[in-house]
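Heads up, query.cif below (mmCIF, all heavy atoms):
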data_upload
loop_
_atom_site.label_atom_id
_atom_site.label_comp_id
_atom_site.auth_asym_id
_atom_site.auth_seq_id
_atom_site.Cartn_x
_atom_site.Cartn_y
_atom_site.Cartn_z
N MET A 1 9.09 -18.08 13.60
CA MET A 1 9.07 -17.16 12.49
C MET A 1 7.80 -16.33 12.58
O MET A 1 6.71 -16.87 12.44
CB MET A 1 9.12 -17.97 11.19
CG MET A 1 8.88 -17.14 9.97
SD MET A 1 9.19 -18.02 8.42
CE MET A 1 8.07 -19.36 8.50
N PRO A 2 7.92 -15.07 12.85
CA PRO A 2 6.71 -14.23 12.96
C PRO A 2 6.09 -13.98 11.60
O PRO A 2 6.77 -13.89 10.59
CB PRO A 2 7.23 -12.93 13.56
CG PRO A 2 8.67 -12.91 13.20
CD PRO A 2 9.13 -14.33 13.13
N ILE A 3 4.78 -13.92 11.59
CA ILE A 3 4.05 -13.63 10.36
C ILE A 3 3.78 -12.13 10.33
O ILE A 3 3.15 -11.59 11.22
CB ILE A 3 2.74 -14.42 10.30
CG1 ILE A 3 3.02 -15.92 10.31
CG2 ILE A 3 1.93 -14.02 9.09
CD1 ILE A 3 1.79 -16.77 10.36
N THR A 4 4.30 -11.49 9.31
CA THR A 4 4.07 -10.06 9.17
C THR A 4 3.31 -9.81 7.88
O THR A 4 3.52 -10.47 6.88
CB THR A 4 5.40 -9.28 9.13
OG1 THR A 4 6.17 -9.77 8.03
CG2 THR A 4 6.17 -9.46 10.42
N MET A 5 2.38 -8.86 7.95
CA MET A 5 1.58 -8.54 6.78
C MET A 5 1.63 -7.03 6.57
O MET A 5 1.53 -6.26 7.50
CB MET A 5 0.13 -8.98 6.97
CG MET A 5 -0.03 -10.48 7.09
SD MET A 5 -1.71 -11.00 7.38
CE MET A 5 -2.45 -10.63 5.79
N GLY A 6 1.77 -6.66 5.32
CA GLY A 6 1.76 -5.25 4.99
C GLY A 6 0.33 -4.76 4.80
O GLY A 6 -0.64 -5.52 4.84
N ILE A 7 0.20 -3.48 4.58
CA ILE A 7 -1.12 -2.88 4.40
C ILE A 7 -1.82 -3.46 3.17
O ILE A 7 -3.01 -3.73 3.20
CB ILE A 7 -0.99 -1.35 4.31
CG1 ILE A 7 -0.52 -0.80 5.65
CG2 ILE A 7 -2.31 -0.72 3.89
CD1 ILE A 7 -0.22 0.67 5.65
N GLY A 8 -1.07 -3.68 2.11
CA GLY A 8 -1.65 -4.24 0.88
C GLY A 8 -2.24 -5.62 1.12
O GLY A 8 -3.35 -5.92 0.66
N GLU A 9 -1.50 -6.46 1.83
CA GLU A 9 -2.00 -7.82 2.10
C GLU A 9 -3.23 -7.77 2.99
O GLU A 9 -4.17 -8.53 2.80
CB GLU A 9 -0.91 -8.68 2.75
CG GLU A 9 0.19 -9.10 1.81
CD GLU A 9 1.29 -8.07 1.71
OE1 GLU A 9 1.23 -7.05 2.41
OE2 GLU A 9 2.22 -8.30 0.90
N LEU A 10 -3.22 -6.89 3.98
CA LEU A 10 -4.40 -6.76 4.84
C LEU A 10 -5.61 -6.28 4.06
O LEU A 10 -6.73 -6.75 4.28
CB LEU A 10 -4.12 -5.80 6.00
CG LEU A 10 -3.19 -6.32 7.09
CD1 LEU A 10 -2.89 -5.21 8.10
CD2 LEU A 10 -3.81 -7.51 7.79
N LEU A 11 -5.38 -5.38 3.13
CA LEU A 11 -6.47 -4.88 2.29
C LEU A 11 -7.05 -6.01 1.43
O LEU A 11 -8.27 -6.18 1.35
CB LEU A 11 -5.98 -3.74 1.41
CG LEU A 11 -7.01 -3.07 0.50
CD1 LEU A 11 -8.13 -2.47 1.35
CD2 LEU A 11 -6.35 -2.00 -0.34
N VAL A 12 -6.17 -6.79 0.81
CA VAL A 12 -6.63 -7.91 -0.01
C VAL A 12 -7.39 -8.92 0.85
O VAL A 12 -8.45 -9.41 0.46
CB VAL A 12 -5.44 -8.60 -0.73
CG1 VAL A 12 -5.86 -9.90 -1.37
CG2 VAL A 12 -4.84 -7.66 -1.75
N LEU A 13 -6.86 -9.23 2.01
CA LEU A 13 -7.52 -10.18 2.90
C LEU A 13 -8.88 -9.65 3.33
O LEU A 13 -9.86 -10.40 3.38
CB LEU A 13 -6.65 -10.45 4.13
CG LEU A 13 -7.14 -11.52 5.09
CD1 LEU A 13 -7.30 -12.84 4.38
CD2 LEU A 13 -6.18 -11.66 6.25
N GLY A 14 -8.98 -8.36 3.61
CA GLY A 14 -10.26 -7.76 3.97
C GLY A 14 -11.26 -7.84 2.84
O GLY A 14 -12.45 -8.13 3.05
N ILE A 15 -10.81 -7.61 1.61
CA ILE A 15 -11.70 -7.70 0.45
C ILE A 15 -12.18 -9.13 0.26
O ILE A 15 -13.36 -9.37 0.01
CB ILE A 15 -10.98 -7.17 -0.81
CG1 ILE A 15 -10.80 -5.66 -0.68
CG2 ILE A 15 -11.75 -7.52 -2.07
CD1 ILE A 15 -9.90 -5.06 -1.74
N VAL A 16 -11.27 -10.08 0.39
CA VAL A 16 -11.65 -11.49 0.24
C VAL A 16 -12.63 -11.90 1.33
O VAL A 16 -13.65 -12.54 1.06
CB VAL A 16 -10.40 -12.40 0.26
CG1 VAL A 16 -10.79 -13.87 0.35
CG2 VAL A 16 -9.55 -12.14 -0.98
N ALA A 17 -12.34 -11.50 2.57
CA ALA A 17 -13.24 -11.84 3.68
C ALA A 17 -14.61 -11.19 3.47
O ALA A 17 -15.65 -11.82 3.73
CB ALA A 17 -12.64 -11.40 5.01
N GLY A 18 -14.63 -9.96 2.98
CA GLY A 18 -15.90 -9.30 2.70
C GLY A 18 -16.68 -10.02 1.62
O GLY A 18 -17.90 -10.17 1.71
N GLY A 19 -15.98 -10.49 0.60
CA GLY A 19 -16.63 -11.26 -0.47
C GLY A 19 -17.21 -12.56 0.05
O GLY A 19 -18.32 -12.95 -0.33
N VAL A 20 -16.46 -13.24 0.90
CA VAL A 20 -16.96 -14.48 1.49
C VAL A 20 -18.19 -14.19 2.34
O VAL A 20 -19.20 -14.91 2.26
CB VAL A 20 -15.86 -15.17 2.34
CG1 VAL A 20 -16.44 -16.32 3.16
CG2 VAL A 20 -14.74 -15.66 1.44
N TYR A 21 -18.13 -13.12 3.12
CA TYR A 21 -19.28 -12.75 3.96
C TYR A 21 -20.52 -12.48 3.11
O TYR A 21 -21.61 -12.98 3.40
CB TYR A 21 -18.93 -11.52 4.80
CG TYR A 21 -20.12 -10.93 5.51
CD1 TYR A 21 -20.64 -11.53 6.64
CD2 TYR A 21 -20.73 -9.78 5.03
CE1 TYR A 21 -21.76 -11.00 7.28
CE2 TYR A 21 -21.83 -9.23 5.67
CZ TYR A 21 -22.34 -9.85 6.79
OH TYR A 21 -23.44 -9.32 7.42
N LEU A 22 -20.35 -11.70 2.06
CA LEU A 22 -21.49 -11.39 1.19
C LEU A 22 -22.01 -12.64 0.48
O LEU A 22 -23.22 -12.80 0.30
CB LEU A 22 -21.11 -10.32 0.16
CG LEU A 22 -20.85 -8.93 0.74
CD1 LEU A 22 -20.36 -8.00 -0.36
CD2 LEU A 22 -22.10 -8.38 1.41
N GLY A 23 -21.10 -13.51 0.08
CA GLY A 23 -21.52 -14.76 -0.55
C GLY A 23 -22.32 -15.64 0.39
O GLY A 23 -23.35 -16.20 0.02
N VAL A 24 -21.86 -15.76 1.62
CA VAL A 24 -22.57 -16.57 2.61
C VAL A 24 -23.93 -15.96 2.91
O VAL A 24 -24.94 -16.66 2.98
CB VAL A 24 -21.73 -16.69 3.91
CG1 VAL A 24 -22.56 -17.28 5.05
CG2 VAL A 24 -20.50 -17.54 3.65
N ARG A 25 -23.96 -14.64 3.02
CA ARG A 25 -25.23 -13.96 3.30
C ARG A 25 -26.24 -14.16 2.18
O ARG A 25 -27.41 -14.43 2.43
CB ARG A 25 -24.96 -12.48 3.53
CG ARG A 25 -26.09 -11.80 4.26
CD ARG A 25 -25.70 -10.41 4.62
NE ARG A 25 -25.93 -9.55 3.45
CZ ARG A 25 -25.78 -8.25 3.43
NH1 ARG A 25 -25.34 -7.64 4.51
NH2 ARG A 25 -26.02 -7.56 2.37
N SER A 26 -25.77 -14.09 0.94
CA SER A 26 -26.70 -14.29 -0.18
C SER A 26 -27.15 -15.74 -0.27
O SER A 26 -28.29 -16.02 -0.64
CB SER A 26 -26.07 -13.82 -1.49
OG SER A 26 -24.96 -14.61 -1.81
N LEU A 27 -26.28 -16.69 0.09
CA LEU A 27 -26.69 -18.09 0.09
C LEU A 27 -27.75 -18.35 1.15
O LEU A 27 -28.67 -19.13 0.93
CB LEU A 27 -25.48 -19.00 0.34
CG LEU A 27 -24.55 -19.20 -0.84
CD1 LEU A 27 -23.31 -19.98 -0.41
CD2 LEU A 27 -25.25 -19.90 -1.97
N LYS A 28 -27.63 -17.70 2.29
CA LYS A 28 -28.63 -17.86 3.34
C LYS A 28 -29.99 -17.35 2.86
O LYS A 28 -31.01 -17.93 3.16
CB LYS A 28 -28.23 -17.11 4.60
CG LYS A 28 -27.15 -17.80 5.38
CD LYS A 28 -26.83 -17.02 6.65
CE LYS A 28 -25.76 -17.71 7.45
NZ LYS A 28 -25.45 -16.98 8.69
N ARG A 29 -29.98 -16.26 2.10
CA ARG A 29 -31.23 -15.71 1.58
C ARG A 29 -31.89 -16.66 0.58
O ARG A 29 -33.10 -16.68 0.45
CB ARG A 29 -30.98 -14.37 0.90
CG ARG A 29 -30.73 -13.26 1.86
CD ARG A 29 -30.62 -11.95 1.12
NE ARG A 29 -30.17 -10.91 2.00
CZ ARG A 29 -29.57 -9.82 1.61
NH1 ARG A 29 -29.32 -9.62 0.34
NH2 ARG A 29 -29.20 -8.91 2.48
N LEU A 30 -31.08 -17.41 -0.15
CA LEU A 30 -31.64 -18.32 -1.14
C LEU A 30 -32.28 -19.55 -0.52
O LEU A 30 -32.92 -20.32 -1.21
CB LEU A 30 -30.54 -18.76 -2.12
CG LEU A 30 -29.98 -17.69 -3.03
CD1 LEU A 30 -28.82 -18.25 -3.84
CD2 LEU A 30 -31.06 -17.16 -3.97
N GLY A 31 -32.10 -19.76 0.74
CA GLY A 31 -32.67 -20.92 1.39
C GLY A 31 -31.70 -22.07 1.52
O GLY A 31 -32.02 -23.10 2.09
N GLY A 32 -30.55 -21.93 0.95
CA GLY A 32 -29.46 -22.85 1.21
C GLY A 32 -29.55 -24.22 0.58
O GLY A 32 -29.10 -25.19 1.18
N GLY A 33 -30.09 -24.37 -0.63
CA GLY A 33 -30.06 -25.68 -1.27
C GLY A 33 -28.65 -26.23 -1.35
O GLY A 33 -28.41 -27.37 -1.00
N GLY A 34 -27.69 -25.44 -1.80
CA GLY A 34 -26.30 -25.87 -1.89
C GLY A 34 -25.43 -25.08 -0.94
O GLY A 34 -24.28 -24.83 -1.24
N ARG A 35 -26.00 -24.67 0.15
CA ARG A 35 -25.31 -23.75 1.05
C ARG A 35 -24.00 -24.32 1.59
O ARG A 35 -22.99 -23.64 1.59
CB ARG A 35 -26.23 -23.37 2.21
CG ARG A 35 -25.63 -22.31 3.12
CD ARG A 35 -26.62 -21.86 4.15
NE ARG A 35 -26.68 -22.83 5.21
CZ ARG A 35 -27.65 -22.91 6.10
NH1 ARG A 35 -28.66 -22.09 6.04
NH2 ARG A 35 -27.64 -23.82 7.04
N GLU A 36 -24.04 -25.57 2.02
CA GLU A 36 -22.82 -26.13 2.62
C GLU A 36 -21.70 -26.26 1.60
O GLU A 36 -20.56 -25.95 1.91
CB GLU A 36 -23.14 -27.47 3.28
CG GLU A 36 -24.02 -27.30 4.50
CD GLU A 36 -24.37 -28.62 5.14
OE1 GLU A 36 -23.78 -29.65 4.77
OE2 GLU A 36 -25.24 -28.60 6.02
N SER A 37 -22.01 -26.67 0.38
CA SER A 37 -20.95 -26.78 -0.62
C SER A 37 -20.45 -25.39 -1.00
O SER A 37 -19.26 -25.21 -1.28
CB SER A 37 -21.44 -27.53 -1.84
OG SER A 37 -22.51 -26.84 -2.46
N GLY A 38 -21.33 -24.38 -1.00
CA GLY A 38 -20.91 -23.01 -1.27
C GLY A 38 -19.99 -22.49 -0.19
O GLY A 38 -19.01 -21.79 -0.46
N LEU A 39 -20.30 -22.83 1.05
CA LEU A 39 -19.45 -22.41 2.17
C LEU A 39 -18.08 -23.08 2.08
O LEU A 39 -17.06 -22.45 2.35
CB LEU A 39 -20.11 -22.75 3.50
CG LEU A 39 -21.33 -21.92 3.87
CD1 LEU A 39 -21.95 -22.46 5.16
CD2 LEU A 39 -20.97 -20.47 4.04
N GLU A 40 -18.06 -24.33 1.71
CA GLU A 40 -16.79 -25.04 1.57
C GLU A 40 -15.95 -24.42 0.46
O GLU A 40 -14.75 -24.27 0.60
CB GLU A 40 -17.03 -26.53 1.29
CG GLU A 40 -17.52 -27.31 2.49
CD GLU A 40 -16.49 -27.34 3.61
OE1 GLU A 40 -15.28 -27.48 3.32
OE2 GLU A 40 -16.89 -27.20 4.77
N ALA A 41 -16.59 -24.05 -0.65
CA ALA A 41 -15.87 -23.43 -1.75
C ALA A 41 -15.31 -22.07 -1.32
O ALA A 41 -14.17 -21.73 -1.64
CB ALA A 41 -16.78 -23.27 -2.96
N ALA A 42 -16.11 -21.30 -0.58
CA ALA A 42 -15.65 -19.99 -0.10
C ALA A 42 -14.48 -20.17 0.87
O ALA A 42 -13.50 -19.42 0.81
CB ALA A 42 -16.80 -19.25 0.57
N LYS A 43 -14.58 -21.15 1.73
CA LYS A 43 -13.50 -21.42 2.68
C LYS A 43 -12.22 -21.82 1.95
O LYS A 43 -11.13 -21.33 2.26
CB LYS A 43 -13.92 -22.54 3.64
CG LYS A 43 -12.86 -22.94 4.63
CD LYS A 43 -13.34 -24.09 5.49
CE LYS A 43 -12.22 -24.64 6.34
NZ LYS A 43 -12.60 -25.87 7.02
N ARG A 44 -12.36 -22.67 0.95
CA ARG A 44 -11.21 -23.12 0.17
C ARG A 44 -10.57 -21.94 -0.57
O ARG A 44 -9.35 -21.80 -0.59
CB ARG A 44 -11.66 -24.20 -0.82
CG ARG A 44 -10.54 -24.87 -1.56
CD ARG A 44 -11.02 -26.06 -2.40
NE ARG A 44 -12.16 -25.77 -3.24
CZ ARG A 44 -13.40 -26.24 -3.05
NH1 ARG A 44 -13.65 -27.05 -2.04
NH2 ARG A 44 -14.38 -25.92 -3.87
N ASP A 45 -11.40 -21.06 -1.15
CA ASP A 45 -10.87 -19.88 -1.84
C ASP A 45 -10.09 -18.99 -0.88
O ASP A 45 -9.03 -18.47 -1.23
CB ASP A 45 -12.00 -19.08 -2.48
CG ASP A 45 -12.62 -19.80 -3.66
OD1 ASP A 45 -12.01 -20.75 -4.18
OD2 ASP A 45 -13.73 -19.39 -4.06
N LEU A 46 -10.64 -18.78 0.31
CA LEU A 46 -9.97 -17.94 1.30
C LEU A 46 -8.65 -18.57 1.74
O LEU A 46 -7.63 -17.88 1.85
CB LEU A 46 -10.89 -17.72 2.50
CG LEU A 46 -10.37 -16.80 3.59
CD1 LEU A 46 -10.06 -15.42 3.03
CD2 LEU A 46 -11.38 -16.68 4.71
N GLU A 47 -8.63 -19.88 1.94
CA GLU A 47 -7.40 -20.55 2.33
C GLU A 47 -6.34 -20.45 1.23
O GLU A 47 -5.17 -20.23 1.51
CB GLU A 47 -7.68 -22.02 2.65
CG GLU A 47 -8.45 -22.21 3.95
CD GLU A 47 -8.90 -23.65 4.16
OE1 GLU A 47 -8.89 -24.46 3.20
OE2 GLU A 47 -9.28 -23.96 5.30
N LEU A 48 -6.76 -20.58 -0.02
CA LEU A 48 -5.82 -20.46 -1.13
C LEU A 48 -5.26 -19.04 -1.22
O LEU A 48 -4.06 -18.86 -1.50
CB LEU A 48 -6.50 -20.84 -2.45
CG LEU A 48 -6.83 -22.32 -2.63
CD1 LEU A 48 -7.65 -22.54 -3.88
CD2 LEU A 48 -5.57 -23.16 -2.65
N GLU A 49 -6.09 -18.05 -0.99
CA GLU A 49 -5.63 -16.66 -1.02
C GLU A 49 -4.62 -16.40 0.09
O GLU A 49 -3.59 -15.74 -0.12
CB GLU A 49 -6.81 -15.71 -0.90
CG GLU A 49 -6.45 -14.27 -1.00
CD GLU A 49 -5.93 -13.85 -2.35
OE1 GLU A 49 -6.35 -14.44 -3.36
OE2 GLU A 49 -5.08 -12.95 -2.40
N ILE A 50 -4.87 -16.92 1.28
CA ILE A 50 -3.95 -16.75 2.40
C ILE A 50 -2.62 -17.45 2.11
O ILE A 50 -1.55 -16.90 2.36
CB ILE A 50 -4.58 -17.26 3.71
CG1 ILE A 50 -5.73 -16.35 4.12
CG2 ILE A 50 -3.54 -17.36 4.82
CD1 ILE A 50 -6.58 -16.88 5.25
N GLU A 51 -2.68 -18.66 1.54
CA GLU A 51 -1.45 -19.36 1.19
C GLU A 51 -0.64 -18.59 0.15
O GLU A 51 0.58 -18.49 0.26
CB GLU A 51 -1.78 -20.76 0.66
CG GLU A 51 -2.25 -21.72 1.72
CD GLU A 51 -2.66 -23.06 1.13
OE1 GLU A 51 -2.36 -23.32 -0.05
OE2 GLU A 51 -3.30 -23.83 1.86
N ALA A 52 -1.33 -18.01 -0.83
CA ALA A 52 -0.64 -17.23 -1.86
C ALA A 52 0.02 -16.00 -1.25
O ALA A 52 1.15 -15.65 -1.60
CB ALA A 52 -1.62 -16.82 -2.96
N MET A 53 -0.67 -15.35 -0.32
CA MET A 53 -0.10 -14.19 0.35
C MET A 53 1.13 -14.58 1.15
O MET A 53 2.14 -13.87 1.15
CB MET A 53 -1.14 -13.52 1.25
CG MET A 53 -2.20 -12.77 0.47
SD MET A 53 -3.57 -12.13 1.45
CE MET A 53 -2.88 -11.74 3.01
N ASN A 54 1.07 -15.72 1.82
CA ASN A 54 2.22 -16.19 2.61
C ASN A 54 3.41 -16.51 1.71
O ASN A 54 4.55 -16.22 2.06
CB ASN A 54 1.83 -17.40 3.45
CG ASN A 54 0.97 -17.04 4.62
OD1 ASN A 54 0.96 -15.90 5.07
ND2 ASN A 54 0.21 -18.00 5.13
N ARG A 55 3.14 -17.10 0.53
CA ARG A 55 4.24 -17.41 -0.40
C ARG A 55 4.89 -16.13 -0.92
O ARG A 55 6.10 -16.06 -1.07
CB ARG A 55 3.73 -18.26 -1.57
CG ARG A 55 3.53 -19.71 -1.23
CD ARG A 55 3.33 -20.54 -2.47
NE ARG A 55 2.14 -20.15 -3.22
CZ ARG A 55 0.93 -20.63 -3.04
NH1 ARG A 55 0.72 -21.55 -2.11
NH2 ARG A 55 -0.09 -20.21 -3.77
N ARG A 56 4.07 -15.10 -1.19
CA ARG A 56 4.61 -13.83 -1.67
C ARG A 56 5.47 -13.16 -0.60
O ARG A 56 6.45 -12.49 -0.90
CB ARG A 56 3.49 -12.87 -2.09
CG ARG A 56 2.94 -13.20 -3.45
CD ARG A 56 1.89 -12.21 -3.83
NE ARG A 56 0.64 -12.86 -3.45
CZ ARG A 56 -0.52 -12.29 -3.34
NH1 ARG A 56 -0.66 -11.03 -3.58
NH2 ARG A 56 -1.60 -12.96 -3.00
N GLU A 57 5.10 -13.33 0.66
CA GLU A 57 5.85 -12.74 1.77
C GLU A 57 7.24 -13.36 1.88
O GLU A 57 8.19 -12.70 2.22
CB GLU A 57 5.11 -12.94 3.10
CG GLU A 57 3.89 -12.09 3.27
CD GLU A 57 4.23 -10.80 3.99
OE1 GLU A 57 5.13 -10.81 4.83
OE2 GLU A 57 3.57 -9.81 3.69
N GLN A 58 7.35 -14.65 1.58
CA GLN A 58 8.62 -15.37 1.76
C GLN A 58 9.48 -15.25 0.60
O GLN A 58 9.92 -14.78 -0.15
CB GLN A 58 8.37 -16.84 2.01
CG GLN A 58 7.61 -17.08 3.27
CD GLN A 58 7.25 -18.55 3.46
OE1 GLN A 58 7.48 -19.37 2.58
NE2 GLN A 58 6.65 -18.87 4.57
#

Show how you would write the structure in this file as structure tokens.
Amino acid sequence: MPITMGIGELLVLGIVAGGVYLGVRSLKRLGGGGRESGLEAAKRDLELEIEAMNRREQ
């Protein structure tokens, strides 16, 4: 089953990825007291967004 994404989904994914990138970058600047848990939360959010996009496609 091929995975196809429309322009809207790619735009949303790009925005989410950009948000994760900016979040990680700001955590690095803070010195990373809770950096690893922040990264895990960002990863989990991104995975949930991708799953939601896949459900909408089907």

What's around range 6-11 of chain A at 6 Å? Count all atoms listed in the file, leave out sequence neighbours fewer than 6 positions away in its own chain, and write the answer as number ranges by chain. A: 53, 56-57

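Distance check against Glu40 in chain A using only C-alpha atoms: of A:Gln58, A:Val12, A:Val20, A:Ser26, the minimum falls on A:Val20.
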
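Taking all atoms listed in the file into account, Val16 in chain A lies nearest to A:Glu49 out of the set A:Asn54, A:Arg44, A:Thr4, A:Glu49.
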
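Taking CB of Leu46 in chain A and atom O of Ala17 in chain A as endpoints, the distance between them is 7.7 Å.
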
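Of note, CA of Tyr21 in chain A and CA of Leu48 in chain A are spaced 16.3 Å apart.
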
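Between CA of Lys28 in chain A and CA of Gly14 in chain A there is a distance of 21.0 Å.
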